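Quick notes on the structure that follows.
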Amino acid sequence: MHVKQGSKKLLLAAAVAASSLNAHAGATINFGEDKSVSVGLGMRYSFTSAEDAAPNGKDRSSDFNLDSARLYFGASLNKYIKGMFNTEWDGDQIRVLDAAGQFAISPEFNIWAGRLLSPSDRANMAGAYYSMGGGYWPGVASRYGYNGGIFRGRDDGAVVWGNVADGKLGYSIGAFEGRTFGIGSLTQSQAKNAGVKSTDSLMYAARLQYDFWDAEPGYYGTGNYLGAKDILAIGVAGRYQKKGVLVVGDKGDYASYNVDFLMEKRFKGSGAVAFEAAYYDYDTDDVIESEQGKAYSAGLSYIFEQNVGWGRVQPFLHWQRFNPDTNIDTKQYDAGVNYVIDGYNAQISAMYSNTKVEGTRSLDKFVVAVQLQF
């Protein structure tokens with residue numbers, strides 16, 4: 001699609017604005033025209049009191065935990081060639097989170113190759129640090145992030161993506177290793193060692209999103225703009241891998257798709273209300289029925305415009321449900337409040353959560369978390 005030069009400048013300006021909201025804080029060292037290296041740090045720390053989670057199995061737990069600690073590295077060789085390298089503390093060791101070369105040919109056409117998130121739903125693309133309410137809240141419904149992939153939903157592969165129509169139509173399509181899908185699935189190497197014979201097919205993933213109000217340029221998404229934009233967006237994503245589900249004694253094709261929606265509207269002098277919802281369909285070819293089925297999620301929040309002390313107050317509500325073919329439903333309700341000091345770089349959140357798995361009694365927990373990015 002041909003875009004006039006003026007539109008390109010506006011689109012680039014919008015991309016810079018979006019990246020400033022999405023990106024962590026950090027330091028950048030410039031050493032020539034369009035040459036730079038940047039470094040940053042992110043962390044989430046929490047205190048959790050969970051029902052029946054004490055060692056005796058009947059008292060409430062009282063646990064402090066380093067949920068996440070990340071180092072961010074970025075580099076720019078010139079105007080068109082860039083790279084990222086990010087790490088994550090997984091509780092035992094520092095692991096590679098992202099490692100990719102980025103070829104920024106134009107706002108309408110980019111190529112990334114390496115280890116990164118493959119196209120999926122808004123919740124997974126926003127991730128733990130940029131979701132409404134903080135943390136990886138849609139984990140019951142959005143099952144891409146932790147039940148599959150190398151680490152935190154990442155995968156090795158390549159993706160082509162861009163924003164057209166003045167930045168309002170975003171697309172991404174790529175090919176990836178695929179690895180595992182669902183709890184109990186084997187990697188290709190594990191399957192080979194276990195004597196499970198299968199073809200070595202790639203996983204194909206794609207996402208298409210249209211923004212009716214303000215544009216959201218960029219590859220990664222944001223779960224909530226904290227009152228910085230008026231958003232009305234619908235996204236569709238899908239994944240497929242032939243013989244992508246491997247278990248001892250069986251194998252099958254993997255397919256999934258989802259539709260997600262976000263509306264965020266500002267009210268001058270008051271604040272901004274946001275509503276999001278998503279639907280998911282997971283298909284493991286009847287190999288792992290506990291990971292095959294339909295899922296739903298919805299969230300509502302309101303962020304006040306006026307500061308209270310250092311930051312702004314944002315109460316929120318969440319609801320999720322995963323209905324697998326085993327008919328053992330999982331439902332979760334969350335209610336909490338964020339204290340937003342500096343966007344996603346400094347937040348404190350308090351949340352009550354209740355989770356119910358079919359056939360068991362519901363369990364609740366209370367979490368206070370601090371998120372910082374430098």
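Note on naming: chains are A, B, ... as they come in the structure tokens, residues start from 1 per chain, ligands start from 1 in the order shown.
Close contacts of Thr222 of chain A, defined as residues with an atom at most 9 Å away when counting only C-alpha atoms, with chain neighbours fewer than 3 positions off set aside, comprise A:Leu21, A:Asn22, A:Arg122, A:Ala123, A:Met125, A:Ala126, A:Gly127, A:Tyr130, A:Ser131, A:Met132, A:Glu216, A:Tyr225.
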Next, the residues of the selection above should be written as a short mmCIF file (atom, residue, chain, number, x, y, z; two decimals), in the first residue's frame with N, CA and C atoms.
data_model
loop_
_atom_site.label_atom_id
_atom_site.label_comp_id
_atom_site.auth_asym_id
_atom_site.auth_seq_id
_atom_site.Cartn_x
_atom_site.Cartn_y
_atom_site.Cartn_z
N LEU A 21 5.31 4.85 25.76
CA LEU A 21 4.37 4.34 26.75
C LEU A 21 4.68 2.90 27.08
N ASN A 22 4.98 2.09 26.05
CA ASN A 22 5.19 0.66 26.24
C ASN A 22 6.55 0.35 26.83
N ARG A 122 -3.90 -10.23 22.49
CA ARG A 122 -3.41 -9.00 23.10
C ARG A 122 -2.78 -9.28 24.46
N ALA A 123 -3.42 -10.15 25.25
CA ALA A 123 -2.93 -10.41 26.61
C ALA A 123 -1.51 -10.96 26.58
N MET A 125 0.70 -10.72 24.08
CA MET A 125 1.62 -9.76 23.48
C MET A 125 1.95 -8.64 24.45
N ALA A 126 0.99 -8.28 25.32
CA ALA A 126 1.26 -7.26 26.35
C ALA A 126 2.15 -7.83 27.45
N GLY A 127 1.91 -9.08 27.82
CA GLY A 127 2.75 -9.75 28.79
C GLY A 127 2.53 -9.29 30.22
N TYR A 130 2.64 -5.22 31.12
CA TYR A 130 1.80 -4.21 30.48
C TYR A 130 0.34 -4.62 30.39
N SER A 131 -0.12 -5.47 31.30
CA SER A 131 -1.51 -5.90 31.34
C SER A 131 -2.28 -5.13 32.40
N MET A 132 -3.56 -4.95 32.18
CA MET A 132 -4.40 -4.25 33.14
C MET A 132 -4.41 -5.00 34.46
N GLU A 216 -2.42 2.10 17.26
CA GLU A 216 -1.49 1.42 18.16
C GLU A 216 -0.33 0.85 17.34
N TYR A 225 -3.92 1.54 28.35
CA TYR A 225 -3.12 2.73 28.09
C TYR A 225 -3.15 3.74 29.22
#
Listing only residues of segment 73-127 of chain A within 12 Å of segment 209-212 of chain A, what is the closest atom pair and its distance in Å (to one decimal) for each, using only C-alpha atoms, sorted by chain and residue number ascending, as a tab-separated table?
residue	atom	partner	partner_atom	distance
A:Pro119	CA	A:Gln209	CA	11.1
A:Ser120	CA	A:Gln209	CA	10.9
A:Asp121	CA	A:Gln209	CA	10.0
A:Arg122	CA	A:Gln209	CA	9.6
With a distance cut-off of 9 Å and only C-alpha atoms, select the neighbouring residues of Arg70 of chain A, excluding the residue or stretch itself and same-chain residues fewer than 6 positions from it, and output the selection as a PyMOL selection string.
-> chain A and resi 40-43+86-89+94+97+373
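Of the listed residues A:Ala141, A:Val164, A:Ala274, A:Ala158, the one whose atoms come nearest to Tyr296 of chain A is A:Ala141, with distances taken using only C-alpha atoms.
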Residue list (strand (DSSP E), DSSP) for segment 27-206 of chain A, as an MDAnalysis selection string = chainID A and resid 27:30 36:50 63:76 81:89 94:106 109:117 154:164 169:176 203:206
Quick one: everything within 8 Å of Arg60 of chain A, counting only C-alpha atoms, minus sequence neighbours fewer than 3 positions away in the same chain. Send it as a list of chain:residue names.
-> A:Ser49, A:Ala50, A:Glu51, A:Asp52, A:Ala53, A:Ala54
Hey, can you spit out that residue selection with N, CA, C and O atoms as a PDB file, in the first residue's frame?
ATOM      1  N   SER A  49      -0.865 -13.919  50.320  1.00  0.00           N
ATOM      2  CA  SER A  49      -1.495 -14.711  51.370  1.00  0.00           C
ATOM      3  C   SER A  49      -2.553 -15.564  50.691  1.00  0.00           C
ATOM      4  O   SER A  49      -3.557 -15.050  50.210  1.00  0.00           O
ATOM      5  N   ALA A  50      -2.316 -16.891  50.621  1.00  0.00           N
ATOM      6  CA  ALA A  50      -3.208 -17.788  49.885  1.00  0.00           C
ATOM      7  C   ALA A  50      -3.859 -18.805  50.815  1.00  0.00           C
ATOM      8  O   ALA A  50      -3.213 -19.340  51.735  1.00  0.00           O
ATOM      9  N   GLU A  51      -5.114 -19.082  50.555  1.00  0.00           N
ATOM     10  CA  GLU A  51      -5.887 -20.025  51.360  1.00  0.00           C
ATOM     11  C   GLU A  51      -5.319 -21.440  51.236  1.00  0.00           C
ATOM     12  O   GLU A  51      -5.039 -21.922  50.136  1.00  0.00           O
ATOM     13  N   ASP A  52      -5.146 -22.103  52.389  1.00  0.00           N
ATOM     14  CA  ASP A  52      -4.708 -23.502  52.456  1.00  0.00           C
ATOM     15  C   ASP A  52      -3.361 -23.743  51.775  1.00  0.00           C
ATOM     16  O   ASP A  52      -3.073 -24.861  51.348  1.00  0.00           O
ATOM     17  N   ALA A  53      -2.532 -22.722  51.661  1.00  0.00           N
ATOM     18  CA  ALA A  53      -1.253 -22.872  50.958  1.00  0.00           C
ATOM     19  C   ALA A  53      -0.066 -22.988  51.907  1.00  0.00           C
ATOM     20  O   ALA A  53       1.080 -23.068  51.459  1.00  0.00           O
ATOM     21  N   ALA A  54      -0.324 -23.012  53.209  1.00  0.00           N
ATOM     22  CA  ALA A  54       0.756 -23.232  54.168  1.00  0.00           C
ATOM     23  C   ALA A  54       1.230 -24.683  54.079  1.00  0.00           C
ATOM     24  O   ALA A  54       0.518 -25.549  53.565  1.00  0.00           O
TER      25      ALA A  54
END
If you count only C-alpha atoms, which residues fall within 12 Å of Lys243 of chain A, apart from same-chain ones fewer than 5 positions away, as a PDB file with all heavy atoms, in the first residue's frame?
ATOM      1  N   GLU A 177       9.346 -22.623  15.510  1.00  0.00           N
ATOM      2  CA  GLU A 177       9.583 -24.021  15.854  1.00  0.00           C
ATOM      3  C   GLU A 177       8.338 -24.688  16.426  1.00  0.00           C
ATOM      4  O   GLU A 177       8.067 -25.844  16.166  1.00  0.00           O
ATOM      5  CB  GLU A 177      10.731 -24.126  16.862  1.00  0.00           C
ATOM      6  CG  GLU A 177      12.115 -24.026  16.247  1.00  0.00           C
ATOM      7  CD  GLU A 177      12.412 -25.212  15.352  1.00  0.00           C
ATOM      8  OE1 GLU A 177      12.390 -26.364  15.833  1.00  0.00           O
ATOM      9  OE2 GLU A 177      12.645 -24.985  14.153  1.00  0.00           O
ATOM     10  N   GLY A 178       7.581 -23.966  17.256  1.00  0.00           N
ATOM     11  CA  GLY A 178       6.368 -24.530  17.833  1.00  0.00           C
ATOM     12  C   GLY A 178       6.585 -25.153  19.187  1.00  0.00           C
ATOM     13  O   GLY A 178       5.844 -24.890  20.119  1.00  0.00           O
ATOM     14  N   ARG A 179       7.567 -26.016  19.329  1.00  0.00           N
ATOM     15  CA  ARG A 179       7.917 -26.624  20.600  1.00  0.00           C
ATOM     16  C   ARG A 179       6.782 -27.452  21.182  1.00  0.00           C
ATOM     17  O   ARG A 179       6.445 -28.490  20.660  1.00  0.00           O
ATOM     18  CB  ARG A 179       8.375 -25.547  21.608  1.00  0.00           C
ATOM     19  CG  ARG A 179       9.512 -24.693  21.099  1.00  0.00           C
ATOM     20  CD  ARG A 179      10.818 -25.459  21.004  1.00  0.00           C
ATOM     21  NE  ARG A 179      11.876 -24.641  20.439  1.00  0.00           N
ATOM     22  CZ  ARG A 179      13.139 -25.013  20.382  1.00  0.00           C
ATOM     23  NH1 ARG A 179      13.497 -26.180  20.861  1.00  0.00           N
ATOM     24  NH2 ARG A 179      14.041 -24.231  19.839  1.00  0.00           N
ATOM     25  N   THR A 180       6.171 -26.989  22.280  1.00  0.00           N
ATOM     26  CA  THR A 180       5.132 -27.775  22.948  1.00  0.00           C
ATOM     27  C   THR A 180       3.830 -27.002  23.007  1.00  0.00           C
ATOM     28  O   THR A 180       3.799 -25.781  22.987  1.00  0.00           O
ATOM     29  CB  THR A 180       5.549 -28.137  24.376  1.00  0.00           C
ATOM     30  OG1 THR A 180       5.671 -26.927  25.141  1.00  0.00           O
ATOM     31  CG2 THR A 180       6.873 -28.867  24.391  1.00  0.00           C
ATOM     32  N   PHE A 181       2.732 -27.738  23.115  1.00  0.00           N
ATOM     33  CA  PHE A 181       1.414 -27.120  23.248  1.00  0.00           C
ATOM     34  C   PHE A 181       0.649 -27.861  24.330  1.00  0.00           C
ATOM     35  O   PHE A 181       0.218 -28.989  24.143  1.00  0.00           O
ATOM     36  CB  PHE A 181       0.639 -27.182  21.931  1.00  0.00           C
ATOM     37  CG  PHE A 181       1.331 -26.455  20.814  1.00  0.00           C
ATOM     38  CD1 PHE A 181       2.033 -27.141  19.849  1.00  0.00           C
ATOM     39  CD2 PHE A 181       1.296 -25.080  20.758  1.00  0.00           C
ATOM     40  CE1 PHE A 181       2.686 -26.475  18.830  1.00  0.00           C
ATOM     41  CE2 PHE A 181       1.945 -24.401  19.751  1.00  0.00           C
ATOM     42  CZ  PHE A 181       2.640 -25.089  18.772  1.00  0.00           C
ATOM     43  N   SER A 185       2.595 -32.126  26.863  1.00  0.00           N
ATOM     44  CA  SER A 185       3.116 -32.296  25.520  1.00  0.00           C
ATOM     45  C   SER A 185       4.640 -32.322  25.546  1.00  0.00           C
ATOM     46  O   SER A 185       5.278 -31.682  26.368  1.00  0.00           O
ATOM     47  CB  SER A 185       2.631 -31.163  24.617  1.00  0.00           C
ATOM     48  OG  SER A 185       3.067 -31.347  23.294  1.00  0.00           O
ATOM     49  N   LEU A 186       5.241 -33.070  24.617  1.00  0.00           N
ATOM     50  CA  LEU A 186       6.686 -33.227  24.544  1.00  0.00           C
ATOM     51  C   LEU A 186       7.280 -32.311  23.479  1.00  0.00           C
ATOM     52  O   LEU A 186       6.634 -31.998  22.484  1.00  0.00           O
ATOM     53  CB  LEU A 186       7.046 -34.678  24.196  1.00  0.00           C
ATOM     54  CG  LEU A 186       6.509 -35.780  25.117  1.00  0.00           C
ATOM     55  CD1 LEU A 186       6.823 -37.149  24.519  1.00  0.00           C
ATOM     56  CD2 LEU A 186       7.080 -35.661  26.515  1.00  0.00           C
ATOM     57  N   THR A 187       8.516 -31.902  23.696  1.00  0.00           N
ATOM     58  CA  THR A 187       9.240 -31.227  22.628  1.00  0.00           C
ATOM     59  C   THR A 187       9.609 -32.266  21.573  1.00  0.00           C
ATOM     60  O   THR A 187       9.514 -33.478  21.809  1.00  0.00           O
ATOM     61  CB  THR A 187      10.517 -30.566  23.155  1.00  0.00           C
ATOM     62  OG1 THR A 187      11.406 -31.585  23.622  1.00  0.00           O
ATOM     63  CG2 THR A 187      10.209 -29.605  24.295  1.00  0.00           C
ATOM     64  N   GLN A 188      10.080 -31.813  20.423  1.00  0.00           N
ATOM     65  CA  GLN A 188      10.454 -32.751  19.364  1.00  0.00           C
ATOM     66  C   GLN A 188      11.600 -33.652  19.793  1.00  0.00           C
ATOM     67  O   GLN A 188      11.607 -34.864  19.498  1.00  0.00           O
ATOM     68  CB  GLN A 188      10.809 -31.975  18.099  1.00  0.00           C
ATOM     69  CG  GLN A 188       9.606 -31.300  17.463  1.00  0.00           C
ATOM     70  CD  GLN A 188       9.992 -30.390  16.314  1.00  0.00           C
ATOM     71  OE1 GLN A 188      11.164 -30.171  16.066  1.00  0.00           O
ATOM     72  NE2 GLN A 188       9.011 -29.864  15.624  1.00  0.00           N
ATOM     73  N   ALA A 191      10.244 -36.170  22.273  1.00  0.00           N
ATOM     74  CA  ALA A 191       9.438 -37.176  21.579  1.00  0.00           C
ATOM     75  C   ALA A 191      10.329 -38.187  20.857  1.00  0.00           C
ATOM     76  O   ALA A 191      10.059 -39.391  20.867  1.00  0.00           O
ATOM     77  CB  ALA A 191       8.498 -36.489  20.593  1.00  0.00           C
ATOM     78  N   VAL A 196       8.577 -41.532  19.851  1.00  0.00           N
ATOM     79  CA  VAL A 196       7.403 -41.010  19.160  1.00  0.00           C
ATOM     80  C   VAL A 196       7.863 -40.445  17.822  1.00  0.00           C
ATOM     81  O   VAL A 196       8.577 -39.442  17.774  1.00  0.00           O
ATOM     82  CB  VAL A 196       6.702 -39.914  19.989  1.00  0.00           C
ATOM     83  CG1 VAL A 196       5.477 -39.394  19.254  1.00  0.00           C
ATOM     84  CG2 VAL A 196       6.317 -40.462  21.355  1.00  0.00           C
ATOM     85  N   LYS A 197       7.460 -41.065  16.747  1.00  0.00           N
ATOM     86  CA  LYS A 197       7.893 -40.632  15.420  1.00  0.00           C
ATOM     87  C   LYS A 197       6.928 -39.600  14.862  1.00  0.00           C
ATOM     88  O   LYS A 197       5.722 -39.775  14.899  1.00  0.00           O
ATOM     89  CB  LYS A 197       7.984 -41.828  14.475  1.00  0.00           C
ATOM     90  CG  LYS A 197       9.032 -42.858  14.895  1.00  0.00           C
ATOM     91  CD  LYS A 197       9.102 -43.999  13.919  1.00  0.00           C
ATOM     92  CE  LYS A 197      10.168 -45.007  14.347  1.00  0.00           C
ATOM     93  NZ  LYS A 197      10.248 -46.152  13.401  1.00  0.00           N
ATOM     94  N   SER A 198       7.485 -38.492  14.351  1.00  0.00           N
ATOM     95  CA  SER A 198       6.639 -37.438  13.805  1.00  0.00           C
ATOM     96  C   SER A 198       7.434 -36.603  12.819  1.00  0.00           C
ATOM     97  O   SER A 198       8.671 -36.606  12.832  1.00  0.00           O
ATOM     98  CB  SER A 198       6.110 -36.537  14.934  1.00  0.00           C
ATOM     99  OG  SER A 198       5.314 -35.493  14.415  1.00  0.00           O
ATOM    100  N   THR A 199       6.721 -35.905  11.966  1.00  0.00           N
ATOM    101  CA  THR A 199       7.365 -34.976  11.045  1.00  0.00           C
ATOM    102  C   THR A 199       7.846 -33.749  11.802  1.00  0.00           C
ATOM    103  O   THR A 199       7.442 -33.500  12.938  1.00  0.00           O
ATOM    104  CB  THR A 199       6.373 -34.529   9.955  1.00  0.00           C
ATOM    105  OG1 THR A 199       5.234 -33.923  10.586  1.00  0.00           O
ATOM    106  CG2 THR A 199       5.914 -35.717   9.126  1.00  0.00           C
ATOM    107  N   ASP A 200       8.730 -32.987  11.178  1.00  0.00           N
ATOM    108  CA  ASP A 200       9.282 -31.781  11.796  1.00  0.00           C
ATOM    109  C   ASP A 200       8.709 -30.569  11.064  1.00  0.00           C
ATOM    110  O   ASP A 200       9.363 -29.953  10.231  1.00  0.00           O
ATOM    111  CB  ASP A 200      10.806 -31.805  11.720  1.00  0.00           C
ATOM    112  CG  ASP A 200      11.445 -30.659  12.479  1.00  0.00           C
ATOM    113  OD1 ASP A 200      10.707 -29.919  13.158  1.00  0.00           O
ATOM    114  OD2 ASP A 200      12.676 -30.495  12.391  1.00  0.00           O
ATOM    115  N   SER A 201       7.459 -30.241  11.378  1.00  0.00           N
ATOM    116  CA  SER A 201       6.779 -29.132  10.713  1.00  0.00           C
ATOM    117  C   SER A 201       6.890 -27.863  11.544  1.00  0.00           C
ATOM    118  O   SER A 201       7.005 -27.911  12.771  1.00  0.00           O
ATOM    119  CB  SER A 201       5.304 -29.467  10.492  1.00  0.00           C
ATOM    120  OG  SER A 201       5.159 -30.629   9.715  1.00  0.00           O
ATOM    121  N   LEU A 202       6.856 -26.731  10.881  1.00  0.00           N
ATOM    122  CA  LEU A 202       6.893 -25.441  11.560  1.00  0.00           C
ATOM    123  C   LEU A 202       5.501 -25.059  12.062  1.00  0.00           C
ATOM    124  O   LEU A 202       4.488 -25.539  11.556  1.00  0.00           O
ATOM    125  CB  LEU A 202       7.409 -24.362  10.614  1.00  0.00           C
ATOM    126  CG  LEU A 202       8.862 -24.485  10.153  1.00  0.00           C
ATOM    127  CD1 LEU A 202       9.172 -23.418   9.113  1.00  0.00           C
ATOM    128  CD2 LEU A 202       9.823 -24.380  11.342  1.00  0.00           C
ATOM    129  N   MET A 203       5.487 -24.195  13.063  1.00  0.00           N
ATOM    130  CA  MET A 203       4.235 -23.600  13.505  1.00  0.00           C
ATOM    131  C   MET A 203       4.062 -22.258  12.797  1.00  0.00           C
ATOM    132  O   MET A 203       4.993 -21.448  12.733  1.00  0.00           O
ATOM    133  CB  MET A 203       4.226 -23.367  15.015  1.00  0.00           C
ATOM    134  CG  MET A 203       2.913 -22.757  15.515  1.00  0.00           C
ATOM    135  SD  MET A 203       2.989 -22.146  17.200  1.00  0.00           S
ATOM    136  CE  MET A 203       3.879 -20.589  16.982  1.00  0.00           C
ATOM    137  N   ASP A 250       1.051 -41.128  21.116  1.00  0.00           N
ATOM    138  CA  ASP A 250       0.079 -40.430  20.273  1.00  0.00           C
ATOM    139  C   ASP A 250       0.669 -39.117  19.778  1.00  0.00           C
ATOM    140  O   ASP A 250       1.631 -38.594  20.340  1.00  0.00           O
ATOM    141  CB  ASP A 250      -1.214 -40.170  21.051  1.00  0.00           C
ATOM    142  CG  ASP A 250      -2.417 -39.963  20.136  1.00  0.00           C
ATOM    143  OD1 ASP A 250      -2.244 -40.000  18.906  1.00  0.00           O
ATOM    144  OD2 ASP A 250      -3.532 -39.776  20.659  1.00  0.00           O
ATOM    145  N   LYS A 251       0.063 -38.580  18.731  1.00  0.00           N
ATOM    146  CA  LYS A 251       0.451 -37.281  18.195  1.00  0.00           C
ATOM    147  C   LYS A 251      -0.732 -36.697  17.438  1.00  0.00           C
ATOM    148  O   LYS A 251      -1.637 -37.415  17.009  1.00  0.00           O
ATOM    149  CB  LYS A 251       1.663 -37.398  17.274  1.00  0.00           C
ATOM    150  CG  LYS A 251       1.524 -38.414  16.144  1.00  0.00           C
ATOM    151  CD  LYS A 251       2.815 -38.524  15.375  1.00  0.00           C
ATOM    152  CE  LYS A 251       2.742 -39.607  14.292  1.00  0.00           C
ATOM    153  NZ  LYS A 251       2.721 -40.967  14.855  1.00  0.00           N
ATOM    154  N   GLY A 252      -0.746 -35.379  17.280  1.00  0.00           N
ATOM    155  CA  GLY A 252      -1.858 -34.737  16.592  1.00  0.00           C
ATOM    156  C   GLY A 252      -1.520 -33.324  16.178  1.00  0.00           C
ATOM    157  O   GLY A 252      -0.503 -32.754  16.589  1.00  0.00           O
ATOM    158  N   ASP A 253      -2.369 -32.741  15.345  1.00  0.00           N
ATOM    159  CA  ASP A 253      -2.176 -31.368  14.892  1.00  0.00           C
ATOM    160  C   ASP A 253      -2.610 -30.392  15.985  1.00  0.00           C
ATOM    161  O   ASP A 253      -3.512 -30.683  16.775  1.00  0.00           O
ATOM    162  CB  ASP A 253      -3.000 -31.106  13.629  1.00  0.00           C
ATOM    163  CG  ASP A 253      -2.588 -32.009  12.470  1.00  0.00           C
ATOM    164  OD1 ASP A 253      -1.461 -32.543  12.518  1.00  0.00           O
ATOM    165  OD2 ASP A 253      -3.398 -32.187  11.546  1.00  0.00           O
ATOM    166  N   TYR A 254      -1.959 -29.247  16.005  1.00  0.00           N
ATOM    167  CA  TYR A 254      -2.330 -28.186  16.941  1.00  0.00           C
ATOM    168  C   TYR A 254      -2.921 -27.018  16.179  1.00  0.00           C
ATOM    169  O   TYR A 254      -2.399 -26.598  15.146  1.00  0.00           O
ATOM    170  CB  TYR A 254      -1.126 -27.701  17.740  1.00  0.00           C
ATOM    171  CG  TYR A 254      -1.453 -26.508  18.623  1.00  0.00           C
ATOM    172  CD1 TYR A 254      -2.006 -26.691  19.880  1.00  0.00           C
ATOM    173  CD2 TYR A 254      -1.234 -25.210  18.178  1.00  0.00           C
ATOM    174  CE1 TYR A 254      -2.322 -25.612  20.683  1.00  0.00           C
ATOM    175  CE2 TYR A 254      -1.544 -24.116  18.975  1.00  0.00           C
ATOM    176  CZ  TYR A 254      -2.095 -24.324  20.230  1.00  0.00           C
ATOM    177  OH  TYR A 254      -2.419 -23.254  21.010  1.00  0.00           O
ATOM    178  N   ALA A 255      -4.016 -26.470  16.693  1.00  0.00           N
ATOM    179  CA  ALA A 255      -4.626 -25.279  16.099  1.00  0.00           C
ATOM    180  C   ALA A 255      -5.287 -24.465  17.201  1.00  0.00           C
ATOM    181  O   ALA A 255      -5.837 -25.022  18.160  1.00  0.00           O
ATOM    182  CB  ALA A 255      -5.650 -25.661  15.035  1.00  0.00           C
ATOM    183  N   ASP A 283      -7.362 -26.427  20.031  1.00  0.00           N
ATOM    184  CA  ASP A 283      -7.598 -27.753  19.466  1.00  0.00           C
ATOM    185  C   ASP A 283      -6.278 -28.526  19.453  1.00  0.00           C
ATOM    186  O   ASP A 283      -5.327 -28.140  18.775  1.00  0.00           O
ATOM    187  CB  ASP A 283      -8.147 -27.630  18.049  1.00  0.00           C
ATOM    188  CG  ASP A 283      -8.562 -28.974  17.455  1.00  0.00           C
ATOM    189  OD1 ASP A 283      -8.286 -30.017  18.084  1.00  0.00           O
ATOM    190  OD2 ASP A 283      -9.141 -28.977  16.365  1.00  0.00           O
ATOM    191  N   THR A 284      -6.221 -29.621  20.205  1.00  0.00           N
ATOM    192  CA  THR A 284      -5.025 -30.470  20.243  1.00  0.00           C
ATOM    193  C   THR A 284      -5.238 -31.779  19.505  1.00  0.00           C
ATOM    194  O   THR A 284      -4.516 -32.749  19.734  1.00  0.00           O
ATOM    195  CB  THR A 284      -4.607 -30.765  21.696  1.00  0.00           C
ATOM    196  OG1 THR A 284      -5.630 -31.554  22.324  1.00  0.00           O
ATOM    197  CG2 THR A 284      -4.391 -29.481  22.482  1.00  0.00           C
ATOM    198  N   ASP A 285      -6.245 -31.831  18.628  1.00  0.00           N
ATOM    199  CA  ASP A 285      -6.546 -33.037  17.847  1.00  0.00           C
ATOM    200  C   ASP A 285      -6.921 -34.206  18.761  1.00  0.00           C
ATOM    201  O   ASP A 285      -6.625 -35.366  18.474  1.00  0.00           O
ATOM    202  CB  ASP A 285      -5.342 -33.407  16.975  1.00  0.00           C
ATOM    203  CG  ASP A 285      -5.750 -34.049  15.651  1.00  0.00           C
ATOM    204  OD1 ASP A 285      -6.964 -34.104  15.363  1.00  0.00           O
ATOM    205  OD2 ASP A 285      -4.853 -34.488  14.910  1.00  0.00           O
ATOM    206  N   ASP A 286      -7.571 -33.861  19.889  1.00  0.00           N
ATOM    207  CA  ASP A 286      -8.037 -34.845  20.883  1.00  0.00           C
ATOM    208  C   ASP A 286      -6.909 -35.597  21.572  1.00  0.00           C
ATOM    209  O   ASP A 286      -7.156 -36.600  22.255  1.00  0.00           O
ATOM    210  CB  ASP A 286      -8.990 -35.864  20.249  1.00  0.00           C
ATOM    211  CG  ASP A 286     -10.264 -35.221  19.724  1.00  0.00           C
ATOM    212  OD1 ASP A 286     -10.688 -34.205  20.300  1.00  0.00           O
ATOM    213  OD2 ASP A 286     -10.825 -35.733  18.731  1.00  0.00           O
ATOM    214  N   VAL A 287      -5.678 -35.098  21.455  1.00  0.00           N
ATOM    215  CA  VAL A 287      -4.545 -35.775  22.087  1.00  0.00           C
ATOM    216  C   VAL A 287      -4.447 -35.410  23.565  1.00  0.00           C
ATOM    217  O   VAL A 287      -4.239 -36.268  24.424  1.00  0.00           O
ATOM    218  CB  VAL A 287      -3.230 -35.443  21.358  1.00  0.00           C
ATOM    219  CG1 VAL A 287      -2.034 -36.038  22.098  1.00  0.00           C
ATOM    220  CG2 VAL A 287      -3.281 -35.971  19.930  1.00  0.00           C
TER     221      VAL A 287
END
Determine, counting only C-alpha atoms, which protein, DNA and RNA residues have an atom within 12 Å of an atom of Phe109 of chain A; residues of the same chain fewer than 4 positions away are not included. Present the result as a PyMOL selection string.
-> chain A and resi 1-2+80+102-105+159-164+167+170-173+217-219
Go through segment 275-361 of chain A residue by residue and, counting only C-alpha atoms, keep those with an atom at most 7 Å from segment 369-372 of chain A; for each kept residue give the shortest atom pair and its distance in Å to one decimal, ordered by chain and increasing number, as a tab-separated table.
residue	atom	partner	partner_atom	distance
A:Asn345	CA	A:Leu372	CA	5.1
A:Ala346	CA	A:Leu372	CA	4.7
A:Gln347	CA	A:Gln371	CA	5.2
A:Ile348	CA	A:Val370	CA	4.6
A:Ser349	CA	A:Ala369	CA	5.2
A:Ala350	CA	A:Ala369	CA	6.5
Could you give me, as a PyMOL selection string, the residues within 12 Å of segment 351-366 of chain A, counting only C-alpha atoms and dropping anything in the same chain fewer than 4 positions from it?
-> chain A and resi 46-53+58-64+132-135+137+139-140+314-324+326-339+370
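Of the listed residues (A:Lys229, A:Arg44, A:Arg154, A:Lys294), A:Lys229 comes nearest to Glu264 of chain A; the distances count only C-alpha atoms.
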Interatomic distance between atom CA of Gly343 of chain A and atom CA of Gly221 of chain A?
-> 14.9 Å
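Between atom CA of Val96 of chain A and atom CA of Ile81 of chain A lies a distance of 20.9 Å.
Secondary structure of segment 77-200 of chain A, alpha helix (DSSP H) only (DSSP, backbone atoms): Arg122, Ala123, Asn124, Met125, Ala126, Tyr144, Gly145, Tyr146, Asn147, Gln188, Ser189, Gln190, Ala191, Lys192 and Asn193 of chain A.
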So how far away is atom CA of Gln190 of chain A from atom CA of Tyr204 of chain A, in Å?
-> 21.3 Å
From the list A:Asp281, A:Asp92, A:Asp342, A:Asp98, the nearest residue to Ser68 of chain A using only C-alpha atoms is A:Asp92
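Distance check against Gly271 of chain A using only C-alpha atoms: of A:Gly309, A:Gly57, A:Gly227, A:Gly238, the minimum falls on A:Gly227.
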Counting only C-alpha atoms, which of A:Trp112, A:Glu291, A:Ile231, A:Ala237 gets nearest to Ala272 of chain A?
-> A:Ile231
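The smallest atom-to-atom distance between Tyr344 of chain A and any of A:Phe374, A:Tyr257, A:Tyr240, A:Phe151, using only C-alpha atoms, is found for A:Phe374.
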